[in-house]
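K.L.:
Here's a structure for you.
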Amino acid sequence: MAQSRRAVVIGGGIGGLTAAVALRQGGWDVTVLERAPSLEPVGAGISLAPNSLRALDVIGLGDEIRDLAAWQGDGGLRTPSGRWLSRTDAAAVAERFGGPLVLLHRATLVNSLAARLPAETVRTGIAASLADPGDAERPARVSTPDGDLEADLVVAADGIQSAVRPALFPRHPGTEYSGFTTWRVVIPVPGVEFASHETWGRGRIWGSHPLKDGRVYAYAAAITPAGERAPDDEKAELLRRYGDWHDPIPAILAAARPEDVLRHDVHHITEPLPAYHRGRVALVGDAAHAMPPMLGQGGNQAIEDAIVLAAHCDDLAAYTAARLPRTTAIARQAARVGRLNLMTGRAGIVVRNSALAALSKAAPLLFLRGFEGIADWRPPQAPYAAGKRTAGNRWRRSPREGRLYRTR
């Protein structure tokens with residue numbers, strides 16, 4: 001019997017777990033090493049677009065996650081006073097890109113991925129480092145407190161502050177501060193109903209989205225100096241910045257406790273890496289291409305990376321060739337959108353808002369063009385193949401229930 005190949009995944013986040021599942025389904029012996037004492041991610045939401053859902057189809061998880069879609073009606077873009085600048089319909093998004101947009105808690109996705117792995121696959125509380133990237137003649141080597149592990153493939157999914165990235169590319173400048181900080185909260189807000197929306201103010205944005213489990217995922221971003229923190233607590237800071245914005249923002253803030261609010265400065269990679277691999281090591285997710293969150297594609301691209309890596313695990317140069325141009329383009333687009341979202345000049349904001357409102361009325365679907373080439377991506381493996389459209393990809397709204405369904 002042929003000996004199975006061994007893969008070591010450094011990092012038990014979404015990208016690392018997706019890679020572990022995909023590689024194990026391909027016959028690899030996989031070990032996931034996670035520094036944290038558990039797989040419980042930070043208490044925040046994640047938006048999964050049709051591109052990453054199709055990637056999850058490859059490992060049999062796509063439909064399970066699609067069933068969590070909560071955004072069934074209109075959503076859109078608003079001003080702090082509540083005026084709608086543009087409207088977007090969930091059915092139009094699903095029809096154009098072959099599936100819904102799903103908002104869910106990160107823990108839900110992590111738990112679904114981990115459930116597809118044997119319990120012994122994931123080892124938590126393990127600080128791992130790359131000792132040797134290996135080459136065609138020798139395996140890679142990963143150091144842990146319990147001793148070194150040899151691997152035919154190392155998947156570096158160790159996040160934006162990756163220790164593997166500088167080990168592979170010591171001359172790369174790494175990440176830089178994006179110029180803004182973010183707050184996130186996932187909480188129940190009883191009795192509050194609203195349309196999913198994002199609100200753009202002056203150097204500030206807010207988003208409110210209902211989840212399938214009845215909770216609300218809200219996030220905010222504002223231009224601030226790096227490292228700045230509230231003098232009291234972050235809920236109080238949100239009240240100062242957003243407390244007089246339109247409903248349901250005050251109700252969400254009233255329901256949040258200070259300990260519910262997460263705050264993180266945003267960093268991203270501005271200079272693309274020369275490659276996403278070296279030797280027997282491949283970088284995935286933020287370790288490879290950390291980007292601003294304005295397109296909601298950070299986690300989506302990590303999932304894509306993992307699935308494409310599984311397809312090219314015998315040729316890491318092909319993995320780099322497939323992923324580096326795409327993720328570089330998306331990261332640059334996210335940075336451009338961030339500059340538009342967080343404008344501070346009053347005159348420019350008036351022009352921006354007027355243009356958005358006029359464009360929304362004249363050509364409502366034109367806004368979706370920004371996601372062409374992103375949300376319509378298909379993985380190279382079955383059930384999808386790059387460049388091919390498959391059955392089961394058309395979405396409509398039920399006239400009786402108002403919910404999305406997939407036609408055959």
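Quick note on naming: the chains in the structure tokens go A, B, ... in the order shown, residues restart at 1 in each chain, and ligands are numbered from 1 in order of appearance.
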Near Pro258 of chain A, within 12 Å and counting only C-alpha atoms, which residues show up once chain neighbours fewer than 5 positions away are dropped, as a PyMOL selection string?

P.N.:
chain A and resi 183-185+187+230+232-239+253+263

K.L.:
Write out, as a compact mmCIF listing (two decimals), in the first residue's frame, the residues just selected, with N, CA, C and O atoms.

P.N.:
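Dumped everything to selection10.txt:
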```txt
# COMPACT_ATOMS: atom_id res chain seq x y z
N TRP A 183 -14.54 48.22 14.45
CA TRP A 183 -15.24 47.65 15.59
C TRP A 183 -16.23 46.61 15.06
O TRP A 183 -16.82 46.80 13.99
N ARG A 184 -16.45 45.55 15.82
CA ARG A 184 -17.39 44.51 15.40
C ARG A 184 -18.15 43.99 16.61
O ARG A 184 -17.61 43.92 17.71
N VAL A 185 -19.39 43.63 16.37
CA VAL A 185 -20.21 43.08 17.44
C VAL A 185 -21.23 42.12 16.84
O VAL A 185 -21.75 42.36 15.74
N ILE A 187 -24.62 40.35 18.40
CA ILE A 187 -25.46 40.32 19.60
C ILE A 187 -26.93 40.14 19.21
O ILE A 187 -27.34 40.45 18.10
N ALA A 230 -10.11 53.86 23.07
CA ALA A 230 -11.05 54.72 23.79
C ALA A 230 -10.54 54.99 25.21
O ALA A 230 -9.97 54.09 25.85
N ASP A 232 -12.36 55.34 27.80
CA ASP A 232 -13.21 54.61 28.74
C ASP A 232 -13.43 53.18 28.26
O ASP A 232 -12.78 52.25 28.70
N ASP A 233 -14.34 52.97 27.31
CA ASP A 233 -14.52 51.66 26.71
C ASP A 233 -15.00 51.84 25.28
O ASP A 233 -15.42 52.93 24.88
N GLU A 234 -14.93 50.77 24.48
CA GLU A 234 -15.20 50.89 23.06
C GLU A 234 -16.68 51.05 22.75
O GLU A 234 -17.04 51.61 21.72
N LYS A 235 -17.57 50.59 23.62
CA LYS A 235 -18.98 50.90 23.40
C LYS A 235 -19.20 52.39 23.52
O LYS A 235 -19.93 53.00 22.70
N ALA A 236 -18.60 53.02 24.51
CA ALA A 236 -18.73 54.47 24.67
C ALA A 236 -18.17 55.20 23.45
O ALA A 236 -18.72 56.21 23.01
N GLU A 237 -17.10 54.66 22.89
CA GLU A 237 -16.52 55.29 21.70
C GLU A 237 -17.48 55.18 20.52
O GLU A 237 -17.65 56.14 19.75
N LEU A 238 -18.13 54.04 20.37
CA LEU A 238 -19.11 53.89 19.30
C LEU A 238 -20.29 54.83 19.50
O LEU A 238 -20.81 55.41 18.53
N LEU A 239 -20.73 55.01 20.72
CA LEU A 239 -21.83 55.94 20.99
C LEU A 239 -21.44 57.36 20.61
O LEU A 239 -22.26 58.11 20.06
N LEU A 253 -26.56 49.72 19.49
CA LEU A 253 -25.60 50.19 20.50
C LEU A 253 -26.16 50.04 21.91
O LEU A 253 -25.44 49.71 22.85
N ARG A 263 -12.39 45.65 18.89
CA ARG A 263 -11.75 46.70 18.10
C ARG A 263 -10.38 46.23 17.62
O ARG A 263 -9.59 45.69 18.41
```

K.L.:
Got a sec to tell me which of segment 56-268 of chain A DSSP assigns to alpha helix (DSSP H), as a ChimeraX atom specification?

P.N.:
/A:56-58,62-66,90-97,106-114,164-168,234-242,249-255

K.L.:
Write out as a ChimeraX atom specification each polymer residue whose atoms come within 9 Å of Leu340 of chain A, counting only C-alpha atoms; drop sequence neighbours fewer than 5 positions from it.

P.N.:
/A:335,349,352

K.L.:
For a quick check of understanding, using only C-alpha atoms, which of A:Glu120, A:Glu176, A:Asp213, A:Glu95 has the smallest distance to Leu68 of chain A?

P.N.:
A:Asp213

K.L.:
Which value, in Å to one decimal, gives the distance between atom CA of Ile46 of chain A and atom CA of Leu103 of chain A?

P.N.:
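It comes out at 5.7 Å.
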
K.L.:
To one decimal in Å, tell me the separation between atom CA of His277 of chain A and atom CA of Val110 of chain A.

P.N.:
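Taking atom CA of His277 of chain A as the start and atom CA of Val110 of chain A as the end point, the length is 24.8 Å.
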
K.L.:
Run DSSP on the backbone of this structure and report the residues of segment 149-363 of chain A it assigns to strand (DSSP E or B), as a PyMOL selection string.

P.N.:
chain A and resi 149-151+153-156+175-188+197-200+204-210+215-223+262-269+277-278+281-283
